[in-house]
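Dropping data_19.pdb in here (PDB, C-alpha atoms, pLDDT in the B column):
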ATOM      1  CA  MET A   1     -34.041  71.456 130.351  1.00 62.00           C
ATOM      2  CA  GLN A   2     -31.983  74.573 130.890  1.00 76.00           C
ATOM      3  CA  ARG A   3     -31.702  75.489 134.575  1.00 88.00           C
ATOM      4  CA  TYR A   4     -31.095  79.245 134.246  1.00 90.00           C
ATOM      5  CA  PRO A   5     -33.152  81.832 132.401  1.00 89.00           C
ATOM      6  CA  THR A   6     -32.227  82.523 128.821  1.00 90.00           C
ATOM      7  CA  PRO A   7     -32.268  86.265 128.249  1.00 92.00           C
ATOM      8  CA  GLU A   8     -34.250  87.771 125.411  1.00 92.00           C
ATOM      9  CA  LEU A   9     -32.106  89.134 122.592  1.00 93.00           C
ATOM     10  CA  LYS A  10     -33.750  92.557 122.958  1.00 94.00           C
ATOM     11  CA  ASP A  11     -32.695  92.743 126.622  1.00 95.00           C
ATOM     12  CA  LEU A  12     -28.984  92.127 126.035  1.00 96.00           C
ATOM     13  CA  PRO A  13     -26.269  94.795 125.973  1.00 97.00           C
ATOM     14  CA  ASN A  14     -25.690  96.160 122.456  1.00 97.00           C
ATOM     15  CA  ASP A  15     -22.257  94.579 121.948  1.00 98.00           C
ATOM     16  CA  ILE A  16     -23.535  91.113 122.826  1.00 98.00           C
ATOM     17  CA  ARG A  17     -26.721  91.499 120.793  1.00 97.00           C
ATOM     18  CA  GLU A  18     -24.708  92.631 117.743  1.00 97.00           C
ATOM     19  CA  LYS A  19     -22.365  89.640 118.005  1.00 97.00           C
ATOM     20  CA  ILE A  20     -25.298  87.229 118.339  1.00 97.00           C
ATOM     21  CA  LEU A  21     -27.057  88.762 115.324  1.00 97.00           C
ATOM     22  CA  GLU A  22     -23.820  88.432 113.340  1.00 97.00           C
ATOM     23  CA  VAL A  23     -23.647  84.721 114.232  1.00 96.00           C
ATOM     24  CA  GLN A  24     -27.334  84.288 113.368  1.00 97.00           C
ATOM     25  CA  GLU A  25     -26.774  85.904 109.962  1.00 97.00           C
ATOM     26  CA  LYS A  26     -23.896  83.558 109.194  1.00 94.00           C
ATOM     27  CA  ALA A  27     -25.343  80.320 110.639  1.00 94.00           C
ATOM     28  CA  GLY A  28     -29.030  80.875 109.948  1.00 95.00           C
ATOM     29  CA  PHE A  29     -29.873  80.342 113.644  1.00 96.00           C
ATOM     30  CA  VAL A  30     -28.608  81.365 117.071  1.00 96.00           C
ATOM     31  CA  PRO A  31     -26.558  78.602 118.709  1.00 96.00           C
ATOM     32  CA  GLN A  32     -27.927  78.057 122.214  1.00 95.00           C
ATOM     33  CA  VAL A  33     -24.562  78.745 123.863  1.00 96.00           C
ATOM     34  CA  PHE A  34     -24.708  82.413 122.841  1.00 97.00           C
ATOM     35  CA  LEU A  35     -27.997  83.013 124.622  1.00 95.00           C
ATOM     36  CA  ALA A  36     -27.441  80.687 127.568  1.00 95.00           C
ATOM     37  CA  LEU A  37     -24.149  82.273 128.594  1.00 96.00           C
ATOM     38  CA  ALA A  38     -25.544  85.790 128.090  1.00 96.00           C
ATOM     39  CA  HIS A  39     -27.239  85.232 131.453  1.00 94.00           C
ATOM     40  CA  ARG A  40     -23.998  86.803 132.753  1.00 96.00           C
ATOM     41  CA  PRO A  41     -22.812  89.420 130.243  1.00 97.00           C
ATOM     42  CA  ASP A  42     -19.322  90.019 131.686  1.00 98.00           C
ATOM     43  CA  GLU A  43     -18.585  86.300 131.695  1.00 97.00           C
ATOM     44  CA  TRP A  44     -20.058  86.004 128.167  1.00 98.00           C
ATOM     45  CA  ARG A  45     -17.570  88.603 126.919  1.00 98.00           C
ATOM     46  CA  ALA A  46     -14.621  86.869 128.608  1.00 98.00           C
ATOM     47  CA  PHE A  47     -15.722  83.432 127.392  1.00 98.00           C
ATOM     48  CA  PHE A  48     -16.107  84.437 123.760  1.00 98.00           C
ATOM     49  CA  ALA A  49     -12.928  86.526 123.750  1.00 98.00           C
ATOM     50  CA  TYR A  50     -10.927  83.478 124.838  1.00 98.00           C
ATOM     51  CA  HIS A  51     -12.929  81.180 122.541  1.00 98.00           C
ATOM     52  CA  ASP A  52     -12.147  83.388 119.560  1.00 97.00           C
ATOM     53  CA  ALA A  53      -8.476  83.737 120.536  1.00 97.00           C
ATOM     54  CA  LEU A  54      -8.143  79.939 120.514  1.00 97.00           C
ATOM     55  CA  MET A  55     -10.497  78.846 117.766  1.00 97.00           C
ATOM     56  CA  LEU A  56     -10.056  81.661 115.219  1.00 95.00           C
ATOM     57  CA  LYS A  57      -6.285  82.022 115.589  1.00 92.00           C
ATOM     58  CA  GLN A  58      -4.615  82.518 112.214  1.00 90.00           C
ATOM     59  CA  ASP A  59      -0.957  81.802 113.049  1.00 91.00           C
ATOM     60  CA  SER A  60      -1.148  78.213 114.234  1.00 91.00           C
ATOM     61  CA  GLY A  61      -0.019  74.806 113.087  1.00 96.00           C
ATOM     62  CA  LEU A  62      -3.510  73.463 113.825  1.00 98.00           C
ATOM     63  CA  THR A  63      -6.197  73.498 111.163  1.00 97.00           C
ATOM     64  CA  LYS A  64      -9.741  74.599 111.972  1.00 97.00           C
ATOM     65  CA  GLY A  65     -10.784  70.964 111.636  1.00 97.00           C
ATOM     66  CA  GLU A  66      -8.119  69.819 114.101  1.00 98.00           C
ATOM     67  CA  ARG A  67      -9.296  72.381 116.635  1.00 98.00           C
ATOM     68  CA  GLU A  68     -12.858  71.097 116.329  1.00 98.00           C
ATOM     69  CA  MET A  69     -11.577  67.521 116.549  1.00 98.00           C
ATOM     70  CA  ILE A  70      -9.982  68.312 119.908  1.00 98.00           C
ATOM     71  CA  VAL A  71     -13.225  69.846 121.149  1.00 98.00           C
ATOM     72  CA  THR A  72     -15.337  66.922 119.935  1.00 98.00           C
ATOM     73  CA  ALA A  73     -13.112  64.190 121.400  1.00 98.00           C
ATOM     74  CA  THR A  74     -12.574  65.802 124.785  1.00 98.00           C
ATOM     75  CA  SER A  75     -16.199  66.931 125.061  1.00 98.00           C
ATOM     76  CA  ALA A  76     -17.290  63.324 124.536  1.00 98.00           C
ATOM     77  CA  THR A  77     -15.005  62.273 127.390  1.00 98.00           C
ATOM     78  CA  ASN A  78     -16.555  65.018 129.523  1.00 98.00           C
ATOM     79  CA  HIS A  79     -20.062  63.833 128.522  1.00 98.00           C
ATOM     80  CA  CYS A  80     -21.047  67.221 127.109  1.00 98.00           C
ATOM     81  CA  LEU A  81     -23.896  66.640 124.688  1.00 98.00           C
ATOM     82  CA  TYR A  82     -24.018  70.271 123.578  1.00 98.00           C
ATOM     83  CA  CYS A  83     -20.356  70.490 122.592  1.00 98.00           C
ATOM     84  CA  VAL A  84     -20.190  67.052 120.975  1.00 98.00           C
ATOM     85  CA  VAL A  85     -23.183  67.829 118.773  1.00 98.00           C
ATOM     86  CA  ALA A  86     -22.346  71.473 117.996  1.00 98.00           C
ATOM     87  CA  HIS A  87     -18.597  71.099 117.470  1.00 98.00           C
ATOM     88  CA  GLY A  88     -19.070  67.729 115.801  1.00 98.00           C
ATOM     89  CA  ALA A  89     -21.195  69.519 113.203  1.00 97.00           C
ATOM     90  CA  ILE A  90     -18.483  72.107 112.625  1.00 97.00           C
ATOM     91  CA  LEU A  91     -15.864  69.327 112.465  1.00 98.00           C
ATOM     92  CA  ARG A  92     -17.826  67.518 109.736  1.00 97.00           C
ATOM     93  CA  ILE A  93     -17.987  70.717 107.719  1.00 96.00           C
ATOM     94  CA  TYR A  94     -14.302  71.642 108.073  1.00 96.00           C
ATOM     95  CA  GLU A  95     -13.040  68.133 107.374  1.00 96.00           C
ATOM     96  CA  LYS A  96     -15.664  67.473 104.667  1.00 94.00           C
ATOM     97  CA  LYS A  97     -16.243  64.031 106.196  1.00 94.00           C
ATOM     98  CA  PRO A  98     -19.775  63.224 107.374  1.00 93.00           C
ATOM     99  CA  LEU A  99     -18.630  60.341 109.616  1.00 95.00           C
ATOM    100  CA  VAL A 100     -15.563  61.787 111.307  1.00 96.00           C
ATOM    101  CA  ALA A 101     -17.265  63.524 114.241  1.00 96.00           C
ATOM    102  CA  ASP A 102     -19.117  60.396 115.314  1.00 97.00           C
ATOM    103  CA  GLN A 103     -15.944  58.337 115.025  1.00 98.00           C
ATOM    104  CA  VAL A 104     -13.881  60.845 117.013  1.00 98.00           C
ATOM    105  CA  ALA A 105     -16.552  61.217 119.692  1.00 97.00           C
ATOM    106  CA  ILE A 106     -16.996  57.474 120.211  1.00 97.00           C
ATOM    107  CA  ASN A 107     -13.423  56.215 119.819  1.00 98.00           C
ATOM    108  CA  TYR A 108     -10.877  58.485 118.146  1.00 98.00           C
ATOM    109  CA  LYS A 109      -8.310  55.641 118.179  1.00 97.00           C
ATOM    110  CA  LYS A 110     -10.447  53.805 115.595  1.00 97.00           C
ATOM    111  CA  ALA A 111     -11.463  56.913 113.658  1.00 97.00           C
ATOM    112  CA  ASP A 112     -10.497  57.400 110.029  1.00 96.00           C
ATOM    113  CA  ILE A 113      -7.863  60.041 110.823  1.00 97.00           C
ATOM    114  CA  PRO A 114      -4.137  60.231 110.087  1.00 97.00           C
ATOM    115  CA  PRO A 115      -1.474  59.379 112.712  1.00 98.00           C
ATOM    116  CA  ARG A 116      -0.736  63.106 113.230  1.00 98.00           C
ATOM    117  CA  GLN A 117      -4.296  63.764 114.365  1.00 98.00           C
ATOM    118  CA  ARG A 118      -4.332  60.608 116.489  1.00 98.00           C
ATOM    119  CA  ALA A 119      -1.177  61.810 118.281  1.00 98.00           C
ATOM    120  CA  MET A 120      -2.794  65.231 118.768  1.00 98.00           C
ATOM    121  CA  LEU A 121      -5.878  63.613 120.314  1.00 98.00           C
ATOM    122  CA  ASP A 122      -3.754  61.295 122.483  1.00 98.00           C
ATOM    123  CA  PHE A 123      -2.190  64.405 123.984  1.00 98.00           C
ATOM    124  CA  ALA A 124      -5.521  66.259 124.272  1.00 98.00           C
ATOM    125  CA  MET A 125      -7.000  63.304 126.126  1.00 98.00           C
ATOM    126  CA  LYS A 126      -4.025  63.223 128.487  1.00 98.00           C
ATOM    127  CA  VAL A 127      -4.528  66.922 129.203  1.00 98.00           C
ATOM    128  CA  CYS A 128      -8.261  66.302 129.659  1.00 98.00           C
ATOM    129  CA  LEU A 129      -7.884  63.401 132.070  1.00 98.00           C
ATOM    130  CA  HIS A 130      -4.344  63.452 133.494  1.00 98.00           C
ATOM    131  CA  SER A 131      -2.718  66.843 132.908  1.00 98.00           C
ATOM    132  CA  HIS A 132      -0.569  66.288 135.983  1.00 98.00           C
ATOM    133  CA  ASP A 133       1.155  63.436 134.103  1.00 98.00           C
ATOM    134  CA  VAL A 134       2.284  65.508 131.078  1.00 98.00           C
ATOM    135  CA  GLU A 135       6.046  65.147 130.613  1.00 98.00           C
ATOM    136  CA  ALA A 136       8.780  65.948 128.096  1.00 98.00           C
ATOM    137  CA  HIS A 137       8.174  62.742 126.134  1.00 98.00           C
ATOM    138  CA  ASP A 138       4.630  63.949 125.384  1.00 98.00           C
ATOM    139  CA  PHE A 139       6.098  66.979 123.633  1.00 98.00           C
ATOM    140  CA  GLU A 140       8.597  64.782 121.794  1.00 98.00           C
ATOM    141  CA  ALA A 141       5.811  62.556 120.490  1.00 98.00           C
ATOM    142  CA  LEU A 142       4.025  65.599 119.083  1.00 98.00           C
ATOM    143  CA  HIS A 143       7.230  67.078 117.646  1.00 98.00           C
ATOM    144  CA  ALA A 144       7.687  63.819 115.720  1.00 98.00           C
ATOM    145  CA  HIS A 145       4.397  64.606 113.956  1.00 98.00           C
ATOM    146  CA  GLY A 146       5.399  68.170 113.095  1.00 98.00           C
ATOM    147  CA  PHE A 147       3.754  70.009 115.977  1.00 98.00           C
ATOM    148  CA  SER A 148       5.685  72.931 117.459  1.00 98.00           C
ATOM    149  CA  ASP A 149       5.733  73.852 121.146  1.00 98.00           C
ATOM    150  CA  GLU A 150       3.225  76.612 120.318  1.00 97.00           C
ATOM    151  CA  ASP A 151       0.932  74.028 118.706  1.00 98.00           C
ATOM    152  CA  VAL A 152       1.184  71.905 121.861  1.00 98.00           C
ATOM    153  CA  TRP A 153       0.152  74.963 123.877  1.00 98.00           C
ATOM    154  CA  ASP A 154      -2.857  75.389 121.553  1.00 98.00           C
ATOM    155  CA  ILE A 155      -3.883  71.740 121.962  1.00 98.00           C
ATOM    156  CA  ALA A 156      -3.667  72.069 125.755  1.00 98.00           C
ATOM    157  CA  ALA A 157      -5.433  75.447 125.854  1.00 98.00           C
ATOM    158  CA  ILE A 158      -8.313  74.268 123.651  1.00 98.00           C
ATOM    159  CA  THR A 159      -8.696  71.152 125.783  1.00 98.00           C
ATOM    160  CA  ALA A 160      -8.648  73.155 129.024  1.00 98.00           C
ATOM    161  CA  PHE A 161     -10.986  75.883 127.788  1.00 98.00           C
ATOM    162  CA  PHE A 162     -13.557  73.402 126.563  1.00 98.00           C
ATOM    163  CA  GLY A 163     -13.278  71.510 129.849  1.00 98.00           C
ATOM    164  CA  LEU A 164     -14.720  74.670 131.409  1.00 98.00           C
ATOM    165  CA  SER A 165     -17.291  74.978 128.635  1.00 98.00           C
ATOM    166  CA  ASN A 166     -18.324  71.313 128.978  1.00 98.00           C
ATOM    167  CA  ARG A 167     -18.810  71.611 132.690  1.00 98.00           C
ATOM    168  CA  MET A 168     -20.900  74.788 132.438  1.00 97.00           C
ATOM    169  CA  ALA A 169     -23.032  73.358 129.621  1.00 97.00           C
ATOM    170  CA  ASN A 170     -23.681  70.265 131.730  1.00 97.00           C
ATOM    171  CA  VAL A 171     -24.474  72.225 134.900  1.00 96.00           C
ATOM    172  CA  ILE A 172     -26.883  74.628 133.224  1.00 95.00           C
ATOM    173  CA  GLY A 173     -28.533  71.887 131.146  1.00 94.00           C
ATOM    174  CA  MET A 174     -27.751  73.432 127.761  1.00 95.00           C
ATOM    175  CA  GLN A 175     -29.169  71.444 124.848  1.00 95.00           C
ATOM    176  CA  PRO A 176     -27.886  71.518 121.262  1.00 96.00           C
ATOM    177  CA  ASN A 177     -29.919  73.311 118.632  1.00 96.00           C
ATOM    178  CA  PRO A 178     -31.710  70.830 116.338  1.00 95.00           C
ATOM    179  CA  GLU A 179     -29.964  72.435 113.337  1.00 95.00           C
ATOM    180  CA  PHE A 180     -26.593  71.048 114.447  1.00 96.00           C
ATOM    181  CA  TYR A 181     -27.615  67.407 114.061  1.00 95.00           C
ATOM    182  CA  LEU A 182     -27.767  67.448 110.255  1.00 92.00           C
ATOM    183  CA  MET A 183     -25.003  69.980 109.544  1.00 93.00           C
ATOM    184  CA  GLY A 184     -22.244  68.429 107.478  1.00 93.00           C
ATOM    185  CA  ARG A 185     -24.232  65.220 107.005  1.00 89.00           C
ATOM    186  CA  VAL A 186     -26.597  66.250 104.233  1.00 78.00           C
ATOM    187  CA  PRO A 187     -26.007  68.705 101.382  1.00 71.00           C
ATOM    188  CA  LYS A 188     -26.984  72.316 102.061  1.00 70.00           C
ATOM    189  CA  LYS A 189     -30.196  73.480 100.395  1.00 65.00           C
TER     190      LYS A 189
END
Is it possible to express this structure as C-alpha cells?
Amino acid sequence: MQRYPTPELKDLPNDIREKILEVQEKAGFVPQVFLALAHRPDEWRAFFAYHDALMLKQDSGLTKGEREMIVTATSATNHCLYCVVAHGAILRIYEKKPLVADQVAINYKKADIPPRQRAMLDFAMKVCLHSHDVEAHDFEALHAHGFSDEDVWDIAAITAFFGLSNRMANVIGMQPNPEFYLMGRVPKK
C-alpha cells in the first residue's frame, strides 16, 4: 500500500499533467511512478529530467534493451518490486525475448545473454553493491567487450540513479501497475 497520497491528475501543474497524459497516450495507462512522485512536483521534474537524460540518450554505446537490463538486474538486488516488474516489461519488449527479464532479475549470470551484456551487468552489480571497489581493471574488462569510457559512465549512472529510484519506491510502497506483468510476454491485441 502506498504510504503517501497520490495526487489527482487534475490537481497537478500543467507541465507535469501534460507529460503524464503523453505517457498515458503512448502506453495506454499511467505508470504508477508518474503519479506517486508527483507528490513533490519539483522533485518529479528533476527525477524525470535525469531519467530521460540517461534512458533516452541517443549517442551511447548502450542499447535501450541494455539500459533496461541494468535497471532490472540492479533493481532485483535492491528488492524493488516496482522497478523489476516495470523495467522488466520494457526489457522484454526491447529485447523481444519474453524470458530475459525474469532470468536477469533472478540470476543474470545464468541468463540467456551474450558475454558483453554479462560483463556490463557484472560492472553494474559492482557499482550497485561495492562502488568503492571499482578500479582500473573494471574499465579494462568492459573495454575488452567494446564499451567506451562514456559507456562505463552510463552503466554507472543508470545503476546509481535507479538505486535512488529503488529506495524511494520501496519507502513509499509503490506497486507496479497490473498492465506491466503481461507486457512483452503475450502478443499485443
Of the candidates A:Asp122, A:Thr74, A:Ala101, A:Asp149, which shows the shortest atom-to-atom distance to A:Ala89, using all atoms listed in the file?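 Once distances to A:Ala89 are computed over all atoms listed in the file, the minimum belongs to A:Ala101.
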Pick the closest to A:Met183 from A:Lys96, A:Tyr4, A:Glu43, A:Asp112: which is it, counting only C-alpha atoms?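 Between A:Lys96, A:Tyr4, A:Glu43, A:Asp112, the residue approaching A:Met183 most closely is A:Lys96.
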Identify all residues satisfying the PyMOL selection byres ((chain A and resi 126) around 12) in the given file; provide them as number ranges by chain. A: 70, 73-74, 77, 119-125, 127-135, 138-139, 155-156, 159-160
List as a ChimeraX atom specification the protein and nucleic acid residues near A:Arg92, meaning an atom at most 10 Å away when all atoms listed in the file are counted, but skip any in the same chain fewer than 4 places from it. /A:65,68-69,87-88,96-102,182-185
Using 3 Å of padding on each side, determine the axis-aligned box around all atoms of stretch 43-55 of chain A present in the file and give its centre and edge lengths in Å to one decimal, as lines of an AutoDock Vina configuration file.
center_x = -14.1
center_y = 83.7
center_z = 124.7
size_x = 17.9
size_y = 15.8
size_z = 19.9
Apply the PyMOL selection byres ((chain A and resi 81) around 12) to the displayed file and report the matching residues as a PyMOL selection string. chain A and resi 71-80+82-88+105+165-171+173-177+180-181
Leaving out A:His145 and any residue of its chain fewer than 5 positions from it, which residues lie within 10 Å of it when counting all atoms listed in the file, given as an MDAnalysis selection string? chainID A and resid 115:120 140
Next, the residues of the selection above should be written as a short mmCIF file (atom, residue, chain, number, x, y, z; two decimals), in the frame of the given file with C-alpha atoms.
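See part37.cif below for the written result:
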data_model
loop_
_atom_site.label_atom_id
_atom_site.label_comp_id
_atom_site.auth_asym_id
_atom_site.auth_seq_id
_atom_site.Cartn_x
_atom_site.Cartn_y
_atom_site.Cartn_z
CA PRO A 115 -1.47 59.38 112.71
CA ARG A 116 -0.74 63.11 113.23
CA GLN A 117 -4.30 63.76 114.36
CA ARG A 118 -4.33 60.61 116.49
CA ALA A 119 -1.18 61.81 118.28
CA MET A 120 -2.79 65.23 118.77
CA GLU A 140 8.60 64.78 121.79
#
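What the PyMOL selection byres ((chain A and resi 5-8) around 9) grabs from this file is Gln2, Arg3, Tyr4, Leu9, Lys10, Asp11, Leu12, Leu35, Ala36, Leu37, Ala38 and His39 of chain A.
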In Å to one decimal, how far is atom CA of A:Asp151 from atom CA of A:Phe34? 27.3 Å
So how far away is atom CA of A:Leu91 from atom CA of A:Glu66, in Å? 7.9 Å
Grab the atom CA of A:Ala141 to atom CA of A:Lys57 distance for me, in Å with one decimal place.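 These two atoms are separated by 23.4 Å.
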Any idea what's packed within 12 Å of A:Arg45, counting all atoms listed in the file, ignoring anything in its chain fewer than 4 positions away? Could you give it as a PyMOL selection string? chain A and resi 12-17+19-20+34+37-41+49-52
Residue nearest A:Thr63 - candidates A:Phe48, A:Asn107, A:Glu95, A:Glu25, atoms counted: all atoms listed in the file: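 The closest residue to A:Thr63 is A:Glu95.
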Counting all atoms listed in the file, closest pick from A:Ser148, A:Tyr94, A:Ile113, A:Ala27 relative to A:Asp59 is A:Ser148
Kindly output stretch 131-145 of chain A as a PDB file, keeping the file's coordinate frame, after building N, CA and C atoms.
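Final output, result25.pdb:
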ATOM      1  N   SER A 131      -3.672  65.780 133.233  1.00 98.00           N
ATOM      2  CA  SER A 131      -2.718  66.843 132.908  1.00 98.00           C
ATOM      3  C   SER A 131      -1.502  66.839 133.836  1.00 98.00           C
ATOM      4  N   HIS A 132      -1.683  66.351 135.028  1.00 98.00           N
ATOM      5  CA  HIS A 132      -0.569  66.288 135.983  1.00 98.00           C
ATOM      6  C   HIS A 132       0.506  65.285 135.555  1.00 98.00           C
ATOM      7  N   ASP A 133       0.200  64.428 134.590  1.00 98.00           N
ATOM      8  CA  ASP A 133       1.155  63.436 134.103  1.00 98.00           C
ATOM      9  C   ASP A 133       1.891  63.859 132.825  1.00 98.00           C
ATOM     10  N   VAL A 134       1.621  65.051 132.301  1.00 98.00           N
ATOM     11  CA  VAL A 134       2.284  65.508 131.078  1.00 98.00           C
ATOM     12  C   VAL A 134       3.774  65.687 131.356  1.00 98.00           C
ATOM     13  N   GLU A 135       4.588  65.112 130.463  1.00 98.00           N
ATOM     14  CA  GLU A 135       6.046  65.147 130.613  1.00 98.00           C
ATOM     15  C   GLU A 135       6.699  65.473 129.281  1.00 98.00           C
ATOM     16  N   ALA A 136       8.015  65.588 129.289  1.00 98.00           N
ATOM     17  CA  ALA A 136       8.780  65.948 128.096  1.00 98.00           C
ATOM     18  C   ALA A 136       8.523  64.983 126.938  1.00 98.00           C
ATOM     19  N   HIS A 137       8.377  63.706 127.225  1.00 98.00           N
ATOM     20  CA  HIS A 137       8.174  62.742 126.134  1.00 98.00           C
ATOM     21  C   HIS A 137       6.854  62.986 125.393  1.00 98.00           C
ATOM     22  N   ASP A 138       5.880  63.609 126.061  1.00 98.00           N
ATOM     23  CA  ASP A 138       4.630  63.949 125.384  1.00 98.00           C
ATOM     24  C   ASP A 138       4.877  64.997 124.301  1.00 98.00           C
ATOM     25  N   PHE A 139       5.728  65.965 124.615  1.00 98.00           N
ATOM     26  CA  PHE A 139       6.098  66.979 123.633  1.00 98.00           C
ATOM     27  C   PHE A 139       6.872  66.345 122.484  1.00 98.00           C
ATOM     28  N   GLU A 140       7.787  65.450 122.811  1.00 98.00           N
ATOM     29  CA  GLU A 140       8.597  64.782 121.794  1.00 98.00           C
ATOM     30  C   GLU A 140       7.722  63.992 120.828  1.00 98.00           C
ATOM     31  N   ALA A 141       6.720  63.325 121.349  1.00 98.00           N
ATOM     32  CA  ALA A 141       5.811  62.556 120.490  1.00 98.00           C
ATOM     33  C   ALA A 141       5.087  63.475 119.511  1.00 98.00           C
ATOM     34  N   LEU A 142       4.702  64.649 119.971  1.00 98.00           N
ATOM     35  CA  LEU A 142       4.025  65.599 119.083  1.00 98.00           C
ATOM     36  C   LEU A 142       4.999  66.240 118.105  1.00 98.00           C
ATOM     37  N   HIS A 143       6.208  66.534 118.553  1.00 98.00           N
ATOM     38  CA  HIS A 143       7.230  67.078 117.646  1.00 98.00           C
ATOM     39  C   HIS A 143       7.487  66.114 116.485  1.00 98.00           C
ATOM     40  N   ALA A 144       7.454  64.828 116.766  1.00 98.00           N
ATOM     41  CA  ALA A 144       7.687  63.819 115.720  1.00 98.00           C
ATOM     42  C   ALA A 144       6.619  63.876 114.621  1.00 98.00           C
ATOM     43  N   HIS A 145       5.482  64.460 114.938  1.00 98.00           N
ATOM     44  CA  HIS A 145       4.397  64.606 113.956  1.00 98.00           C
ATOM     45  C   HIS A 145       4.320  66.019 113.396  1.00 98.00           C
TER      46      HIS A 145
END
